[in-house]
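**Student:** Take this structure first; my questions come after.
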Amino acid sequence: MRISIFGLGYVGSVAAACLAEDGHTVVGVDLEAAKIEAINAGRSPIIEKDLDTLIEKNVKAGRLSATNDARSAVMNSDISFICVATPSQANGNLGTAFLHRIAEQIGGYIREKKEKHIVVLRSTVLPGTLRGLIIPILEEHSGKKAGVDFGVCNNPEFLRESTAVYDYYNPPKTVLGSVDEASAKTVASLYEKLPGELIITSVETAELVKYADNAWHAVKVTFANEIGAFAKACGVDSHRVMDIFCKDTKLNLSPYYLKPGYAFGGSCLPKDVRALNYAAKSRDVEVPLLASLLPSNTIHTQRGVDMVLQTGKTKVGILGFSFKAGTDDLRESPLVTLIEALLGKGIDLKLFDKNVKLASLVGANKNYIVNRIPHISRLMLESVDAVLAHADVIVIGNGDAAFRDVPKRARPDQTVIDLVRVGDAASSGNYQGICW
């Protein structure tokens, strides 16, 4: 396939060399003469393991070249990759000036082409950038319609500096966001020999996945460093702690706890985070990430309260109010906080949770409900049906299997607020998810 790559920086140079290595004819486009000269001379314009070898090999084979002639590159290629920088602005927002200029150029040259061209955005961009900025520019300057007359895809990269060539050929996943199926299939064919799952999704999802990845990586580094700083203050070997921590691939290094839902609660997480923060403070160790966990959790709990109040309805039913399905533990349950906040606003509440039955509770759980939240026991009903009969707003508080069909059972005049995503209920006028 004939490919043009706009931007011969870190991402563009690696993509150009690897695509050429895979047998495609690739031309890189850049304004910097030094980068063009380096590639055409068989040298890498950046320091990256194995890249010099790939560039030299494919330039000699006639599969890789570089130019500043953007028109020629578009006219003589089937696919154009945009790999330009998106630097931060002073206020932290994404800088799109380079994208804007390249999209104008490519759009103008697409106007001249009879063949269908595909534009692939590989630069890191915020959700909405492709559909809200790039596509309108391409359509304006080409006079053509995206998804019909030309293709558009988002193809985020997941490369690490110093191992980029290895990462290119060993991706954990390949993600394509596309506005039309045909373009997605064409671009996907470039990666058909690579390991890892190939995922074709919406352009907005593809855009956000890259930010989710990088934010998570930043969280992991910061988390490890804060645990390390506290460990040192305690005279504990932080590497030994984290070596043991990483042995747990069931909970710690796993998809578990990584599905958006309602706030955390229970008898362990809030208590232990609170104690860890107190101990760090008492040793004069600043741990801002760890210190932010409980305030963030409180804000998320309030989101649930606000969603109910914003309906303007006063008869509310809550299905499931232990902190998670399959337990009767109400200690520090965010659902209890939600209930008390709604009661304070004069909301007419009814509750159901098959695991929370006052007669069968014992020990700490019974003591908690009798002495701390006795008013809640008076609001409990005996069935899901009884709650549905009462409520104009139904809040699904945990993932009990008995609640999965509630969004479909709800009357047209009832609002369903789902805090845990119990099923695949289609979003409609009366169904709202807290994070979806």
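Each chain in the structure tokens gets a letter, A, B, ..., in the order shown, and its residues are numbered from 1; ligands are numbered from 1 in order too.
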Using DSSP on the backbone, list every residue of range 73-296 of chain A that comes out as strand (DSSP E or B), and give them as an MDAnalysis selection string.
**Tutor:** chainID A and resid 79:82 88 94 118:121 146 150:154 173:178 197:201
**Student:** Create the file for the chosen residues now, containing N, CA and C atoms and written as a compact mmCIF listing (two decimals), in the first residue's frame.
**Tutor:**
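Result file follows (again-v3.txt):
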```txt
# COMPACT_ATOMS: atom_id res chain seq x y z
N ILE A 79 -3.22 6.37 1.73
CA ILE A 79 -3.52 6.68 3.14
C ILE A 79 -2.54 7.73 3.62
N SER A 80 -3.04 8.73 4.35
CA SER A 80 -2.18 9.73 5.00
C SER A 80 -2.32 9.62 6.50
N PHE A 81 -1.21 9.38 7.19
CA PHE A 81 -1.18 9.39 8.65
C PHE A 81 -0.77 10.77 9.13
N ILE A 82 -1.52 11.31 10.09
CA ILE A 82 -1.14 12.57 10.73
C ILE A 82 -0.49 12.25 12.06
N SER A 88 1.01 21.02 24.91
CA SER A 88 0.13 21.73 25.85
C SER A 88 0.19 23.23 25.62
N LEU A 94 -5.14 21.22 25.03
CA LEU A 94 -4.43 20.60 23.92
C LEU A 94 -4.15 21.62 22.82
N ILE A 118 -7.77 7.97 2.45
CA ILE A 118 -8.05 7.74 3.87
C ILE A 118 -7.08 8.56 4.70
N VAL A 119 -7.62 9.30 5.67
CA VAL A 119 -6.82 10.09 6.59
C VAL A 119 -6.86 9.42 7.96
N VAL A 120 -5.70 9.14 8.52
CA VAL A 120 -5.61 8.46 9.82
C VAL A 120 -4.91 9.38 10.80
N LEU A 121 -5.61 9.74 11.86
CA LEU A 121 -5.03 10.59 12.90
C LEU A 121 -4.36 9.72 13.95
N ALA A 146 -16.85 13.20 4.62
CA ALA A 146 -16.14 12.16 5.36
C ALA A 146 -17.00 10.91 5.50
N PHE A 150 -14.25 10.26 1.32
CA PHE A 150 -12.92 9.94 1.85
C PHE A 150 -13.09 9.33 3.23
N GLY A 151 -12.11 8.54 3.65
CA GLY A 151 -12.19 7.87 4.93
C GLY A 151 -11.44 8.62 6.01
N VAL A 152 -11.86 8.43 7.25
CA VAL A 152 -11.19 9.04 8.40
C VAL A 152 -11.14 8.02 9.53
N CYS A 153 -9.97 7.84 10.11
CA CYS A 153 -9.81 6.95 11.26
C CYS A 153 -8.96 7.63 12.34
N ASN A 154 -9.15 7.17 13.56
CA ASN A 154 -8.25 7.52 14.66
C ASN A 154 -7.52 6.26 15.07
N LYS A 173 -2.54 -4.08 22.29
CA LYS A 173 -3.80 -3.90 21.58
C LYS A 173 -3.56 -2.95 20.42
N THR A 174 -4.39 -3.03 19.40
CA THR A 174 -4.40 -2.06 18.32
C THR A 174 -5.80 -1.49 18.24
N VAL A 175 -5.91 -0.17 18.33
CA VAL A 175 -7.22 0.48 18.40
C VAL A 175 -7.46 1.34 17.18
N LEU A 176 -8.61 1.17 16.57
CA LEU A 176 -9.02 1.98 15.42
C LEU A 176 -10.40 2.55 15.69
N GLY A 177 -10.52 3.87 15.64
CA GLY A 177 -11.81 4.51 15.66
C GLY A 177 -12.10 5.00 14.25
N SER A 178 -13.30 4.74 13.75
CA SER A 178 -13.56 5.06 12.35
C SER A 178 -14.98 5.55 12.16
N GLU A 197 -5.05 -7.86 20.51
CA GLU A 197 -6.39 -7.72 19.94
C GLU A 197 -6.51 -6.47 19.10
N LEU A 198 -7.17 -6.59 17.94
CA LEU A 198 -7.49 -5.45 17.10
C LEU A 198 -8.90 -5.01 17.45
N ILE A 199 -9.04 -3.77 17.89
CA ILE A 199 -10.33 -3.26 18.36
C ILE A 199 -10.77 -2.12 17.45
N ILE A 200 -11.93 -2.27 16.83
CA ILE A 200 -12.52 -1.21 16.01
C ILE A 200 -13.69 -0.63 16.79
N THR A 201 -13.68 0.67 17.00
CA THR A 201 -14.66 1.31 17.87
C THR A 201 -14.98 2.70 17.35
```
**Student:** Within range 235-410 of chain A, find each residue whose DSSP state, derived from the backbone, is alpha helix (DSSP H), and express the selection as a CSV table (one decimal) with C-alpha atoms, in the first residue's frame.
**Tutor:**
```
chain,number,residue,atom,x,y,z
A,238,SER,CA,9.5,-0.2,49.5
A,239,HIS,CA,10.8,-2.4,46.7
A,240,ARG,CA,10.1,-5.5,48.8
A,241,VAL,CA,6.6,-4.2,49.5
A,242,MET,CA,5.8,-3.5,45.9
A,243,ASP,CA,7.3,-6.8,44.7
A,244,ILE,CA,4.8,-8.6,47.0
A,245,PHE,CA,2.0,-6.2,45.9
A,269,LEU,CA,-11.1,0.8,52.0
A,270,PRO,CA,-12.2,4.0,53.6
A,271,LYS,CA,-10.8,3.1,57.0
A,272,ASP,CA,-7.4,2.0,55.7
A,273,VAL,CA,-7.0,4.9,53.3
A,274,ARG,CA,-7.8,7.2,56.2
A,275,ALA,CA,-5.3,5.5,58.5
A,276,LEU,CA,-2.5,5.5,55.9
A,277,ASN,CA,-3.0,9.3,55.3
A,278,TYR,CA,-2.9,10.0,59.0
A,279,ALA,CA,0.2,7.9,59.5
A,280,ALA,CA,1.9,9.7,56.5
A,281,LYS,CA,1.0,13.1,57.9
A,282,SER,CA,2.3,12.2,61.3
A,288,PRO,CA,-1.2,14.1,47.6
A,289,LEU,CA,-2.4,11.2,45.5
A,290,LEU,CA,-3.4,9.1,48.5
A,291,ALA,CA,-4.7,12.2,50.2
A,292,SER,CA,-7.0,12.8,47.2
A,293,LEU,CA,-8.8,9.4,47.3
A,294,LEU,CA,-11.4,10.1,50.0
A,295,PRO,CA,-12.2,13.6,48.8
A,296,SER,CA,-12.7,12.3,45.3
A,297,ASN,CA,-14.9,9.5,46.6
A,298,THR,CA,-17.0,12.0,48.4
A,299,ILE,CA,-17.4,14.1,45.2
A,300,HIS,CA,-18.5,10.9,43.3
A,301,THR,CA,-21.0,10.0,46.0
A,302,GLN,CA,-22.5,13.5,45.7
A,303,ARG,CA,-22.8,13.0,41.9
A,304,GLY,CA,-25.4,10.3,42.7
A,305,VAL,CA,-27.3,12.6,45.0
A,306,ASP,CA,-27.3,15.3,42.4
A,307,MET,CA,-28.6,13.0,39.7
A,308,VAL,CA,-31.6,12.1,41.9
A,309,LEU,CA,-32.4,15.7,42.9
A,334,PRO,CA,-21.9,5.3,49.8
A,335,LEU,CA,-25.5,4.3,49.3
A,336,VAL,CA,-26.2,5.0,53.0
A,337,THR,CA,-24.6,8.4,52.5
A,338,LEU,CA,-26.9,9.0,49.5
A,339,ILE,CA,-29.9,7.9,51.4
A,340,GLU,CA,-29.2,10.2,54.3
A,341,ALA,CA,-28.6,13.1,51.9
A,342,LEU,CA,-31.9,12.5,50.1
A,343,LEU,CA,-33.8,12.2,53.4
A,344,GLY,CA,-32.3,15.6,54.4
A,363,GLY,CA,-22.9,-8.4,65.4
A,364,ALA,CA,-21.4,-5.2,63.9
A,365,ASN,CA,-23.8,-5.0,61.1
A,366,LYS,CA,-26.9,-5.1,63.3
A,367,ASN,CA,-25.3,-2.7,65.8
A,368,TYR,CA,-24.6,-0.3,62.9
A,369,ILE,CA,-28.1,-0.3,61.5
A,370,VAL,CA,-29.8,-0.2,64.9
A,371,ASN,CA,-27.6,2.5,66.6
A,374,PRO,CA,-32.2,3.3,62.7
A,375,HIS,CA,-34.3,5.6,60.5
A,376,ILE,CA,-33.3,3.6,57.4
A,377,SER,CA,-34.7,0.3,58.8
A,384,VAL,CA,-38.3,-5.1,44.2
A,385,ASP,CA,-42.0,-4.9,43.1
A,386,ALA,CA,-42.9,-2.9,46.1
A,387,VAL,CA,-40.2,-0.4,45.5
A,388,LEU,CA,-41.1,-0.1,41.8
A,389,ALA,CA,-44.8,0.5,42.8
A,390,HIS,CA,-43.7,3.4,45.1
A,406,VAL,CA,-35.3,-3.2,36.2
A,407,PRO,CA,-34.5,-0.8,33.4
A,408,LYS,CA,-36.7,-2.8,31.1
A,409,ARG,CA,-39.5,-3.2,33.7
```
**Student:** For a test of reading the model, state the distance in Å between CA of Ser44 in chain A and CA of Gly196 in chain A, rounded to one decimal.
**Tutor:**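 Value for the CA of Ser44 in chain A-CA of Gly196 in chain A distance: 27.1 Å.
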**Student:** A:Phe223, A:Trp436, A:Phe158, A:Tyr168: which is nearest Cys18 in chain A, counting only C-alpha atoms?
**Tutor:**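 Distance minimum relative to Cys18 in chain A lands on A:Tyr168.
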**Student:** Which of these residues is nearest to Val14 in chain A, using only C-alpha atoms: A:Leu159, A:Ala85, A:Ile36, A:Lys116?
**Tutor:**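 Under the stated criterion, the closest residue is A:Leu159.
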**Student:** Quote the spacing between CA of Leu379 in chain A and CA of Thr314 in chain A in Å to one decimal place.
**Tutor:** 14.6 Å
**Student:** In Å, with one decimal, what is the gap from CA of Leu190 in chain A to CA of Ala215 in chain A?
**Tutor:**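 Result for CA of Leu190 in chain A versus CA of Ala215 in chain A: 27.7 Å, one decimal.
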**Student:** Quick one: residues within 12 Å of Asp284 in chain A, only C-alpha atoms counted, chain neighbours fewer than 6 positions away excluded, as a ChimeraX atom specification?
**Tutor:** /A:229-230,232-234,277-278
**Student:** Identify, on the basis of only C-alpha atoms, every residue whose closest approach to Gly433 in chain A does not exceed 9 Å; exclude the query and any residue fewer than 5 positions from it along the same chain; express the result as an MDAnalysis selection string.
**Tutor:** chainID A and resid 261 416:421 427
**Student:** Take the selection from the previous step and output its residues with N, CA and C atoms, as an mmCIF file, in the first residue's frame.
**Tutor:**
```cif
data_model
loop_
_atom_site.group_PDB
_atom_site.id
_atom_site.type_symbol
_atom_site.label_atom_id
_atom_site.label_comp_id
_atom_site.auth_asym_id
_atom_site.auth_seq_id
_atom_site.Cartn_x
_atom_site.Cartn_y
_atom_site.Cartn_z
ATOM 1 N N GLY A 261 -18.231 3.109 38.133
ATOM 2 C CA GLY A 261 -19.466 2.820 38.848
ATOM 3 C C GLY A 261 -19.635 3.823 39.970
ATOM 4 N N VAL A 416 -34.859 5.772 35.747
ATOM 5 C CA VAL A 416 -33.947 4.789 36.336
ATOM 6 C C VAL A 416 -32.551 5.385 36.367
ATOM 7 N N ILE A 417 -31.967 5.460 37.554
ATOM 8 C CA ILE A 417 -30.591 5.933 37.728
ATOM 9 C C ILE A 417 -29.741 4.744 38.148
ATOM 10 N N ASP A 418 -28.848 4.342 37.271
ATOM 11 C CA ASP A 418 -28.048 3.130 37.470
ATOM 12 C C ASP A 418 -26.645 3.537 37.928
ATOM 13 N N LEU A 419 -26.278 3.125 39.132
ATOM 14 C CA LEU A 419 -24.964 3.471 39.691
ATOM 15 C C LEU A 419 -23.914 2.390 39.445
ATOM 16 N N VAL A 420 -24.316 1.250 38.877
ATOM 17 C CA VAL A 420 -23.373 0.136 38.737
ATOM 18 C C VAL A 420 -23.380 -0.498 37.349
ATOM 19 N N ARG A 421 -24.255 -0.061 36.452
ATOM 20 C CA ARG A 421 -24.434 -0.642 35.118
ATOM 21 C C ARG A 421 -24.796 -2.119 35.230
ATOM 22 N N SER A 427 -29.549 3.407 26.546
ATOM 23 C CA SER A 427 -29.780 4.730 27.094
ATOM 24 C C SER A 427 -31.022 5.321 26.446
#
```
**Student:** With distances taken over only C-alpha atoms, which residue among A:Cys246, A:Asn155, A:Glu32, A:Leu208 lies nearest Ala184 in chain A?
**Tutor:**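 Of the candidates, the smallest distance to Ala184 in chain A is held by A:Asn155.
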**Student:** Would you kindly return, as a ChimeraX atom specification, each protein, DNA or RNA residue with an atom no farther than 6 Å from any atom of Ser162 in chain A, considering only C-alpha atoms and excluding same-chain residues fewer than 2 positions away?
**Tutor:** /A:48-49,164
